[in-house]
$ cat target27.cif   # mmCIF, C-alpha atoms and all ligand atoms
data_start
#
loop_
_atom_site.label_atom_id
_atom_site.label_comp_id
_atom_site.auth_asym_id
_atom_site.auth_seq_id
_atom_site.Cartn_x
_atom_site.Cartn_y
_atom_site.Cartn_z
CA MET A 245 18.88 35.19 -44.74
CA ALA A 246 21.53 37.86 -44.77
CA ILE A 247 24.43 35.55 -43.98
CA LYS A 248 25.67 33.02 -46.49
CA LEU A 249 27.30 29.91 -45.04
CA GLN A 250 29.97 27.68 -46.49
CA ILE A 251 29.91 24.66 -44.22
CA LEU A 252 33.12 22.64 -43.91
CA THR A 253 31.88 19.75 -41.74
CA ASP A 254 29.78 16.62 -42.37
CA ASP A 255 28.76 16.12 -38.76
CA PRO A 256 24.97 16.70 -38.63
CA LYS A 257 25.09 17.88 -35.01
CA GLU A 258 27.76 20.43 -35.84
CA ILE A 259 25.86 21.57 -38.94
CA GLU A 260 22.76 22.12 -36.84
CA LEU A 261 24.69 24.17 -34.29
CA ILE A 262 26.27 26.29 -37.05
CA LYS A 263 22.88 27.00 -38.61
CA ARG A 264 21.34 27.91 -35.27
CA TYR A 265 24.31 30.19 -34.44
CA TRP A 266 23.95 32.21 -37.64
CA ALA A 267 20.13 32.09 -37.95
CA VAL A 268 18.50 35.57 -38.20
CA ASP A 269 14.95 36.85 -38.75
CA GLU A 270 13.90 39.28 -41.50
CA SER A 271 15.07 42.28 -39.50
CA GLY A 272 18.55 40.79 -39.05
CA GLN A 273 18.08 39.90 -35.35
CA TYR A 274 19.72 36.63 -34.26
CA LEU A 275 17.10 34.06 -33.31
CA GLU A 276 18.99 32.54 -30.40
CA LYS A 277 21.34 33.93 -27.76
CA VAL A 278 24.94 32.66 -27.80
CA SER A 279 24.57 31.64 -24.15
CA ALA A 280 21.68 29.31 -25.08
CA LEU A 281 23.87 27.46 -27.60
CA GLY A 282 26.73 26.83 -25.20
CA GLY A 283 25.95 23.33 -23.93
CA ILE A 284 24.79 21.61 -27.15
CA ILE A 285 28.17 20.23 -28.20
CA GLU A 286 31.00 19.53 -25.82
CA MET A 287 34.09 21.56 -26.75
CA ALA A 288 37.71 21.33 -25.65
CA GLN A 289 38.66 23.65 -22.80
CA GLY A 290 39.47 27.21 -23.90
CA VAL A 291 37.61 26.93 -27.23
CA THR A 292 34.89 29.55 -27.62
CA LEU A 293 31.66 28.89 -29.49
CA ALA A 294 32.59 31.49 -32.11
CA SER A 295 36.00 29.95 -32.82
CA PHE A 296 34.52 26.41 -32.84
CA ILE A 297 32.05 27.54 -35.49
CA ARG A 298 34.63 29.53 -37.46
CA GLN A 299 36.75 26.39 -37.86
CA ARG A 300 33.80 24.51 -39.36
CA CYS A 301 32.12 27.19 -41.44
CA ASN A 302 32.99 30.28 -43.46
CA ALA A 303 30.34 32.98 -43.09
CA PHE A 304 29.76 35.76 -45.62
CA ASP A 305 27.63 38.83 -44.97
CA GLU A 306 25.25 39.62 -47.80
CA ASN A 307 25.03 43.16 -46.52
CA GLN A 308 28.76 43.80 -47.11
CA VAL A 309 30.51 43.47 -50.45
CA CYS A 310 34.17 43.85 -51.39
CA THR A 311 34.94 47.37 -52.68
CA SER A 312 37.17 45.86 -55.33
CA CYS A 313 35.52 42.71 -56.75
CA ALA A 314 31.98 42.98 -55.26
CA LYS A 315 32.17 39.51 -53.66
CA LEU A 316 30.70 39.06 -50.19
CA ILE A 317 32.92 39.91 -47.21
CA GLU A 318 33.76 37.10 -44.83
CA ILE A 319 32.88 37.74 -41.17
CA LYS A 320 34.36 36.03 -38.15
CA ASN A 321 31.60 36.46 -35.60
CA ARG A 322 28.11 37.83 -35.05
CA SER A 323 29.24 41.35 -34.14
CA GLU A 324 30.89 41.83 -37.56
CA ALA A 325 27.61 41.31 -39.42
CA LYS A 326 25.55 44.31 -40.62
CA LYS A 327 21.76 44.26 -40.22
CA VAL A 328 21.17 46.35 -43.35
CA PRO A 329 23.17 46.72 -46.58
CA ALA A 330 26.12 48.93 -45.74
CA ARG A 331 28.69 50.69 -47.87
CA SER A 332 31.67 48.56 -47.04
CA THR A 333 35.17 49.94 -46.82
CA LYS A 334 36.63 46.46 -46.58
CA LEU A 335 38.11 44.13 -49.15
CA CYS A 336 37.34 40.43 -49.39
CA THR A 337 40.06 38.04 -48.21
CA THR A 338 41.37 37.42 -51.73
CA CYS A 339 41.54 41.08 -52.67
CA GLN A 340 43.07 41.95 -49.27
CA ASN A 341 45.78 39.31 -49.76
CA ASP A 342 46.49 40.66 -53.26
CA GLN A 343 46.70 44.18 -51.94
CA ASP A 344 48.98 43.14 -49.05
CA ALA A 345 51.28 41.39 -51.50
CA ILE A 346 51.50 44.51 -53.69
CA ALA A 347 52.16 46.68 -50.63
CA PHE A 348 54.82 44.26 -49.43
CA GLU A 349 56.56 44.33 -52.82
CA ALA A 350 56.43 48.14 -52.88
CA GLU A 351 57.85 48.25 -49.37
CA LYS A 352 60.67 45.92 -50.38
CA ALA A 353 61.42 48.04 -53.46
CA LYS A 354 61.49 51.23 -51.37
CA ALA A 355 63.81 49.64 -48.82
CA ALA A 356 66.13 48.58 -51.64
CA GLU A 357 65.97 52.09 -53.12
CA LEU A 358 66.82 53.62 -49.72
CA GLU A 359 69.82 51.34 -49.42
CA ARG A 360 70.95 52.21 -52.95
CA GLN A 361 70.63 55.96 -52.32
CA LEU A 362 72.46 55.75 -48.98
CA ILE A 363 75.35 53.84 -50.57
CA GLU A 364 75.50 56.44 -53.34
CA TYR A 365 75.37 59.24 -50.75
CA ALA A 366 78.15 57.66 -48.69
CA ARG A 367 80.26 57.18 -51.83
CA LYS A 368 79.92 60.86 -52.78
CA GLN A 369 80.65 61.96 -49.22
CA SER A 370 83.76 59.83 -48.89
CA SER A 371 85.32 61.38 -51.98
CA ARG A 372 85.28 64.82 -50.32
CA THR A 373 88.34 66.28 -48.59
CA VAL A 374 89.08 69.50 -46.69
CA ASP A 375 92.18 71.69 -46.62
CA TYR A 376 92.35 72.14 -42.86
CA SER A 377 94.98 74.86 -43.08
CA GLU A 378 92.38 77.07 -44.76
CA ILE A 379 89.43 76.70 -42.37
CA PRO A 380 88.38 79.79 -40.32
CA ASP A 381 89.58 80.35 -36.75
CA ASN A 382 86.21 79.70 -35.10
CA GLN A 383 85.97 76.29 -36.78
CA VAL A 384 89.49 75.46 -35.57
CA LEU A 385 88.42 76.14 -31.98
CA LEU A 386 85.22 74.15 -32.39
CA LEU A 387 87.14 71.16 -33.76
CA LEU A 388 89.70 71.31 -30.95
CA ALA A 389 86.87 71.47 -28.40
CA LEU A 390 84.96 68.64 -30.08
CA ASP A 391 88.07 66.47 -30.17
CA ARG A 392 88.52 67.03 -26.46
CA ALA A 393 84.85 66.24 -25.74
CA ILE A 394 84.78 62.91 -27.57
CA THR A 395 88.42 61.86 -27.78
CA PRO A 396 89.40 59.57 -29.49
CA ARG A 397 86.23 59.22 -31.55
CA LEU A 398 86.70 62.35 -33.69
CA THR A 399 89.92 61.01 -35.12
CA ASN A 400 89.14 57.35 -34.84
CA GLY A 401 85.73 56.18 -36.04
CA GLY A 402 82.40 57.91 -35.67
CA PHE A 403 80.32 59.70 -33.06
CA THR A 404 76.70 60.72 -32.42
CA LEU A 405 75.31 64.01 -31.10
CA GLY A 406 74.72 62.31 -27.74
CA ASP A 407 78.48 61.63 -27.48
CA CYS A 408 79.18 65.40 -27.69
CA ARG A 409 77.39 66.43 -24.48
CA GLY A 410 80.64 67.61 -22.88
CA LEU A 411 81.21 70.22 -25.61
CA ALA A 412 79.09 73.09 -24.28
CA PRO A 413 76.57 73.90 -21.55
CA ARG A 414 73.68 73.97 -24.07
CA TYR A 415 72.88 73.91 -27.81
CA VAL A 416 75.43 71.14 -28.42
CA GLY A 417 73.52 70.14 -31.57
CA ASP A 418 73.81 73.68 -32.97
CA PHE A 419 77.58 73.74 -32.45
CA VAL A 420 78.03 70.35 -34.12
CA MET A 421 75.77 71.48 -36.99
CA GLN A 422 78.06 74.51 -37.52
CA LEU A 423 80.79 71.99 -38.39
CA ARG A 424 78.39 69.89 -40.46
CA GLU A 425 77.28 72.93 -42.48
CA ALA A 426 80.89 74.01 -42.94
CA GLY A 427 81.51 70.58 -44.46
CA LEU A 428 84.10 69.53 -41.86
CA ILE A 429 82.15 66.57 -40.57
CA LEU A 430 79.90 64.29 -42.57
CA ASP A 431 77.30 61.72 -41.70
CA ASP A 432 78.13 58.14 -42.43
CA PRO A 433 75.02 56.01 -43.13
CA SER A 434 77.09 52.81 -43.18
CA LYS A 435 77.89 53.25 -39.46
CA ALA A 436 74.35 54.18 -38.31
CA ARG A 437 71.89 51.80 -36.64
CA PRO A 438 69.23 50.29 -38.97
CA GLY A 439 66.17 52.54 -39.06
CA THR A 440 68.20 55.77 -38.70
CA TYR A 441 67.33 56.75 -42.27
CA TYR A 442 63.76 56.25 -43.49
CA TRP A 443 61.27 57.33 -46.12
CA GLU A 444 58.80 60.10 -45.37
CA GLY A 445 56.77 60.19 -48.56
CA ASP A 446 59.34 60.55 -51.33
CA GLU A 447 62.01 62.08 -49.11
CA ILE A 448 64.67 60.40 -47.02
CA TRP A 449 64.54 61.54 -43.41
CA MET A 450 66.82 60.70 -40.51
CA LEU A 451 66.66 60.34 -36.75
CA ARG A 452 69.16 63.06 -35.88
CA ASP A 453 70.20 61.53 -32.56
CA GLN A 454 71.17 58.26 -34.24
CA VAL A 455 73.14 59.75 -37.12
CA VAL A 456 76.84 58.81 -36.95
CA TYR A 457 79.24 61.60 -37.92
CA ARG A 458 82.93 61.55 -38.73
CA LEU A 459 85.67 63.99 -39.69
CA VAL A 460 86.04 64.72 -43.41
CA PRO A 461 89.45 63.44 -44.64
CA ASP A 462 92.35 65.86 -45.06
CA ALA A 463 93.18 67.14 -48.54
CA ALA A 464 96.87 66.52 -47.84
CA SER A 465 96.11 62.93 -46.75
CA ARG A 466 97.29 63.47 -43.18
CA SER A 467 95.68 61.27 -40.52
CA ALA A 468 92.86 62.81 -38.48
CA GLY A 469 95.13 62.83 -35.43
CA GLU A 470 97.77 64.80 -37.34
CA VAL A 471 95.10 67.24 -38.56
CA ILE A 472 93.99 67.99 -35.00
CA ARG A 473 97.59 68.37 -33.80
CA SER A 474 98.31 70.81 -36.64
CA LEU A 475 95.33 72.95 -35.56
CA LEU A 476 97.02 73.52 -32.20
CA ASP A 477 99.68 75.61 -33.97
CA ARG A 478 97.15 77.91 -35.58
CA VAL A 479 97.96 81.63 -35.69
CA TYR A 480 94.61 83.35 -35.16
CA THR A 481 93.65 86.25 -37.40
CA ASN A 482 89.85 86.41 -37.49
CA ALA A 483 88.69 88.60 -34.60
CA GLU A 484 85.04 88.66 -35.60
CA GLY A 485 84.76 84.88 -35.98
CA LEU A 486 86.41 84.27 -32.60
CA PHE A 487 84.30 86.86 -30.82
CA ASN A 488 81.11 85.41 -32.31
CA LEU A 489 82.09 81.94 -31.17
CA TRP A 490 82.72 83.31 -27.67
CA LEU A 491 79.25 84.92 -27.81
CA ASP A 492 77.63 81.64 -28.96
CA TYR A 493 79.35 79.77 -26.17
CA SER A 494 78.59 82.39 -23.51
CA VAL A 495 74.90 82.59 -24.49
CA ALA A 496 74.76 78.82 -23.94
CA ASP A 497 76.38 79.26 -20.51
CA VAL A 498 73.84 81.96 -19.52
CA MET A 499 70.85 80.06 -20.93
CA ARG A 500 71.73 76.88 -19.08
CA TYR A 501 71.76 78.86 -15.83
CA LEU A 502 68.37 80.35 -16.78
CA ALA A 503 66.95 76.89 -17.51
CA ASN A 504 68.09 75.64 -14.11
CA GLN A 505 66.68 78.63 -12.27
CA CYS A 506 63.35 78.29 -14.13
CA ASP A 507 63.20 74.58 -13.25
CA LEU A 508 63.77 75.46 -9.64
CA TYR A 509 60.73 77.77 -9.60
CA HIS A 510 58.63 75.79 -12.10
CA HIS A 511 58.59 78.59 -14.65
CA ASP A 512 57.77 77.15 -18.02
CA LEU A 513 59.02 79.42 -20.82
CA SER A 514 57.87 78.97 -24.41
CA GLY A 515 60.30 78.48 -27.28
CA GLN A 516 59.60 82.01 -28.43
CA GLU A 517 60.26 83.49 -24.99
CA LEU A 518 63.54 81.59 -24.76
CA GLU A 519 64.58 82.88 -28.20
CA GLU A 520 63.78 86.43 -27.09
CA ILE A 521 65.92 86.03 -23.97
CA LYS A 522 68.70 84.47 -26.01
CA SER A 523 68.84 87.56 -28.26
CA THR A 524 68.81 89.94 -25.28
CA MET A 525 71.62 87.99 -23.61
CA ARG A 526 73.71 87.83 -26.75
CA SER A 527 73.65 91.57 -27.15
CA ALA A 528 74.25 92.10 -23.39
CA LEU A 529 77.29 89.82 -23.59
CA GLU A 530 78.97 92.30 -25.90
CA THR A 531 79.31 94.42 -22.76
CA TYR A 532 78.99 92.25 -19.67
CA SER A 533 80.34 88.94 -18.43
CA VAL A 534 78.53 85.61 -18.18
CA SER A 535 78.70 85.71 -14.38
CA GLN A 536 77.15 89.21 -14.29
CA LEU A 537 74.25 88.01 -16.44
CA TRP A 538 73.77 85.04 -14.13
CA SER A 539 73.05 87.55 -11.36
CA VAL A 540 70.47 89.29 -13.59
CA VAL A 541 68.79 85.95 -14.30
CA TRP A 542 68.85 85.04 -10.62
CA LYS A 543 67.08 88.25 -9.63
CA VAL A 544 64.49 88.27 -12.43
CA VAL A 545 63.51 84.62 -11.97
CA ARG A 546 63.00 85.18 -8.24
CA ASP A 547 60.92 88.30 -8.86
CA ALA A 548 58.71 86.33 -11.23
CA ALA A 549 58.32 83.59 -8.63
CA SER A 550 57.06 86.03 -6.02
CA LEU A 551 54.78 87.60 -8.63
CA ALA A 552 53.26 84.17 -9.29
CA ASN A 553 52.04 84.02 -5.70
CA ARG A 554 50.20 87.32 -5.96
CA GLU A 555 46.49 87.66 -6.50
CA TYR A 556 45.41 87.91 -10.18
CA TYR A 557 48.68 86.25 -11.19
CA ASN A 558 49.44 82.67 -12.04
CA ARG A 559 52.56 80.77 -13.02
CA PRO A 560 52.31 81.09 -16.82
CA LYS A 561 51.51 84.82 -16.53
CA ALA A 562 54.42 85.38 -14.16
CA ALA A 563 56.81 83.37 -16.35
CA ALA A 564 55.78 85.46 -19.37
CA THR A 565 57.14 88.57 -17.63
CA ILE A 566 60.69 87.15 -17.53
CA PRO A 567 61.89 88.19 -21.04
CA GLY A 568 60.68 91.79 -20.57
CA LYS A 569 62.05 92.01 -17.02
CA ILE A 570 65.49 90.89 -18.18
CA ARG A 571 65.49 93.52 -20.91
CA ARG A 572 64.32 96.34 -18.63
CA ASN A 573 66.77 95.30 -15.95
CA LEU A 574 69.67 95.53 -18.40
CA GLU A 575 68.45 98.87 -19.77
CA LYS A 576 68.36 100.29 -16.26
CA VAL A 577 71.83 98.95 -15.49
CA GLN A 578 73.19 100.62 -18.59
CA ARG A 579 71.30 103.90 -18.17
CA GLU A 580 72.33 104.35 -14.57
CA SER A 581 75.80 102.81 -14.94
CA ILE A 582 75.01 100.37 -12.14
CA GLU A 583 77.74 97.89 -11.39
CA LEU A 584 76.35 94.40 -11.92
CA LYS A 585 77.17 91.80 -9.30
CA ALA A 586 78.96 88.71 -10.54
CA TRP A 587 77.79 85.25 -9.43
CA SER A 588 80.22 82.39 -9.10
CA ARG A 589 79.87 79.33 -11.33
CA PRO A 590 77.54 76.74 -9.78
CA ASP A 591 79.30 73.42 -9.07
CA GLN A 592 76.92 71.46 -11.26
CA HIS A 593 77.68 73.68 -14.30
CA PRO A 594 80.94 72.58 -15.92
CA VAL A 595 82.29 74.93 -18.61
CA GLY A 596 82.36 72.30 -21.34
CA THR A 597 85.37 71.67 -23.56
CA LEU A 598 84.56 74.70 -25.75
CA GLY A 599 84.74 76.94 -22.68
CA MET A 600 88.08 75.34 -21.75
CA VAL A 601 89.56 75.84 -25.22
CA LEU A 602 88.37 79.47 -25.35
CA GLY A 603 89.85 79.95 -21.89
CA GLU A 604 93.23 78.56 -22.90
CA ILE A 605 93.49 80.52 -26.14
CA LEU A 606 92.02 83.84 -25.06
CA GLY A 607 92.67 83.67 -21.33
CA VAL A 608 88.99 84.34 -20.59
CA ASP A 609 86.42 82.77 -18.27
CA GLU A 610 82.88 83.47 -17.05
CA ASN A 611 84.08 86.64 -15.30
CA SER A 612 85.48 88.23 -18.47
CA SER A 613 83.25 91.01 -19.77
CA GLY A 614 82.37 91.16 -23.45
CA HIS A 615 84.38 94.38 -23.72
CA MET A 616 87.41 92.68 -22.31
CA VAL A 617 87.01 89.60 -24.53
CA SER A 618 86.61 91.82 -27.56
CA SER A 619 89.88 93.64 -26.71
CA LEU A 620 91.67 90.33 -26.06
CA VAL A 621 90.46 88.90 -29.36
CA ASN A 622 91.59 92.02 -31.21
CA TRP A 623 94.96 91.86 -29.49
CA LEU A 624 95.39 88.12 -30.18
CA THR A 625 94.55 88.50 -33.86
CA GLY A 626 96.71 91.61 -34.22
CA GLN A 627 93.70 93.71 -35.13
CA GLY A 628 93.72 95.86 -32.00
CA CYS A 629 97.20 97.35 -32.52
CA SER A 630 96.17 99.89 -35.12
CA PRO A 631 97.61 103.23 -33.99
CA SER A 632 94.38 105.07 -34.85
CA ALA A 633 92.41 103.29 -32.09
CA GLY A 634 94.68 104.71 -29.37
CA ALA A 635 95.14 108.06 -31.09
CA GLU A 636 91.41 108.71 -31.11
CA LEU A 637 91.44 108.63 -27.31
CA ASP A 638 94.44 110.96 -26.87
CA GLU A 639 92.50 114.18 -27.15
CA PRO A 640 89.49 113.34 -24.88
CA ILE A 641 91.82 111.90 -22.22
CA ARG A 642 94.09 114.95 -22.29
CA GLU A 643 91.06 117.21 -21.94
CA LEU A 644 89.58 115.13 -19.10
CA MET A 645 92.82 115.03 -17.14
CA THR A 646 93.38 118.76 -17.61
CA ILE A 647 89.96 119.55 -16.14
CA ALA A 648 90.40 116.96 -13.37
CA LEU A 649 93.78 118.38 -12.32
CA ALA A 650 92.54 121.96 -12.52
CA ARG A 651 89.64 121.16 -10.20
CA ASP A 652 91.73 118.85 -8.02
CA VAL A 653 89.33 115.93 -8.51
CA SER A 654 91.74 113.52 -10.22
CA SER A 655 91.34 110.72 -7.65
CA SER A 656 87.53 110.77 -7.81
CA VAL A 657 87.76 110.83 -11.63
CA MET A 658 90.03 107.76 -11.59
CA LEU A 659 87.72 105.94 -9.15
CA ARG A 660 84.70 106.70 -11.28
CA PHE A 661 86.62 105.54 -14.36
CA ALA A 662 87.42 102.21 -12.67
CA GLU A 663 83.79 101.86 -11.60
CA LEU A 664 82.50 102.38 -15.14
CA ILE A 665 84.98 99.88 -16.62
CA ARG A 666 83.94 97.29 -14.02
CA ALA A 667 80.29 97.97 -14.91
CA GLY A 668 81.09 96.97 -18.47
CA HIS A 669 81.74 100.30 -20.25
CA ASP A 670 84.54 100.49 -22.74
CA VAL A 671 87.30 103.08 -22.35
CA SER A 672 85.94 105.68 -24.74
CA SER A 673 82.38 105.66 -23.38
CA ALA A 674 83.71 105.83 -19.80
CA ILE A 675 85.85 108.87 -20.72
CA GLU A 676 82.90 110.46 -22.47
CA GLU A 677 80.56 109.89 -19.53
CA ILE A 678 82.99 111.37 -16.97
CA GLY A 679 83.73 114.26 -19.31
CA GLU A 680 80.04 115.10 -19.55
CA THR A 681 79.66 115.04 -15.75
CA LEU A 682 82.68 117.33 -15.31
CA ARG A 683 81.50 119.80 -17.93
CA SER A 684 77.93 120.01 -16.64
ZN ZN B 701 37.36 41.25 -53.50
#
$ encode --input "target27.cif" --output "structure tokens" --more "lines below"
Ligand SMILES: [Zn+2]
Amino acid sequence: MAIKLQILTDDPKEIELIKRYWAVDESGQYLEKVSALGGIIEMAQGVTLASFIRQRCNAFDENQVCTSCAKLIEIKNRSEAKKVPARSTKLCTTCQNDQDAIAFEAEKAKAAELERQLIEYARKQSSRTVDYSEIPDNQVLLLLALDRAITPRLTNGGFTLGDCRGLAPRYVGDFVMQLREAGLILDDPSKARPGTYYWEGDEIWMLRDQVVYRLVPDAASRSAGEVIRSLLDRVYTNAEGLFNLWLDYSVADVMRYLANQCDLYHHDLSGQELEEIKSTMRSALETYSVSQLWSVVWKVVRDAASLANREYYNRPKAAATIPGKIRRNLEKVQRESIELKAWSRPDQHPVGTLGMVLGEILGVDENSSGHMVSSLVNWLTGQGCSPSAGAELDEPIRELMTIALARDVSSSVMLRFAELIRAGHDVSSAIEEIGETLRS
């Protein structure tokens, strides 16, 4: 017999039933069917034959031994038995209980270690301070925008990424992480929900959406509210930082429009394709406005949709043409000095608090071209007033106007100049382009 029984009852009728239930022939086949044993003893309602027997007898399979102590493995019912000796992967009940206890202790120790490390981390974090009068211009704008998006939680308690949705049209997490990496906000494990921080092997990981952030205290011990109010008086000096922040924000505004248009036509773009478009748009924004790029997106997405309906095309193939089409479209616009149409902001696309703050400080909106924003930023930061910038243009302009007056074409020259500026050219390239046409 391949199954060893440890009978726990004295009732002869029950013993007989147990023996008949577990009885097997030499090949390991059960001698009787379970259905044939059903009526022999009356059982309470809801009790199965297997559970009735399990309560009165422990059964051990001689074909399965514990991998740790080599004792026989206990089985609960017929289907757990093996007909031939099998390499078991199981542990006997005793060894399993021992192992569970060790695992439980280890788990408890790791949980305690996590807690200890988080307290230590929080302690180190809370000793840090920032001199807010020294932070760069772009971080000032981001903080002002964040404060407006989550007021009063930036200055009063903590906030999560989900709270910051009103900050920007897209990539909210990236903007908040700019502040995190700059050391202006810190995460506060003591305020996070249990389970936010956890072990992954020997490293502590976190669920980013549940992390609670707060503003790093001021080096001069001012309250967070006072810090934010003091930022409002900032005199801006860093043109490059401000322009890059405007680019980051404007890319988000263009990409959200793209996402909506793609949803509308069921175009599914891969992460890589989106990154490619993001780069194209960022460099196009140095020249054009957000609303002009919306019109490019609008056209290209529609073209791809009609392509998808053509023979030999399908949706993924058509969607894959979008990054290249956007690039070629912009190249053509630039090459042929085409004036891009500007779309108006869709109602369901609010600017976000970062867009509002940029608008108030620079006087720009979605219709401001990158050239114009760049000039405004230079003017605001006092970097555009260098006499050399204007002086460089004196000579080409004098030459252009002399030719224009001599040929009596000054009004068409001025109209063409206005056209080129509207199409996104800067002053010097517009002058150069007209000059070339006149000379040829
Ligand atoms: Zn064992």
$ residues_around --input "target27.cif" --residues "Val541 of chain A" --least-positions-apart "4" --cutoff "12 Å" --atoms "all atoms listed in the file" --output "PyMOL selection string"
chain A and resi 497-506+521-522+524-525+534-537+545-548+566-571+573-574+584-587
$ residues_near_ligand --input "target27.cif" --ligand "ligand ZN 701 (chain B)" --cutoff "9 Å" --atoms "all atoms listed in the file" --output "PyMOL selection string"
chain A and resi 309-317+334-340
$ closest_residue --input "target27.cif" --among "A:Glu306, A:Glu276, A:Asp507, A:Asp591" --to "Pro329 of chain A" --atoms "all atoms listed in the file"
A:Glu306
$ residues_around --input "target27.cif" --residues "Ser271 of chain A" --least-positions-apart "6" --cutoff "12 Å" --atoms "all atoms listed in the file" --output "number ranges by chain"
A: 245-246, 326-329
$ closest_residue --input "target27.cif" --among "A:Ala648, A:Ile346, A:Leu459, A:Leu388" --to "Thr373 of chain A" --atoms "all atoms listed in the file"
A:Leu459
$ residues_near_point --input "target27.cif" --point "(73.9, 76.8, -30.8)" --cutoff "8 Å" --atoms "all atoms listed in the file" --output "PyMOL selection string"
chain A and resi 414-419+492-493+496
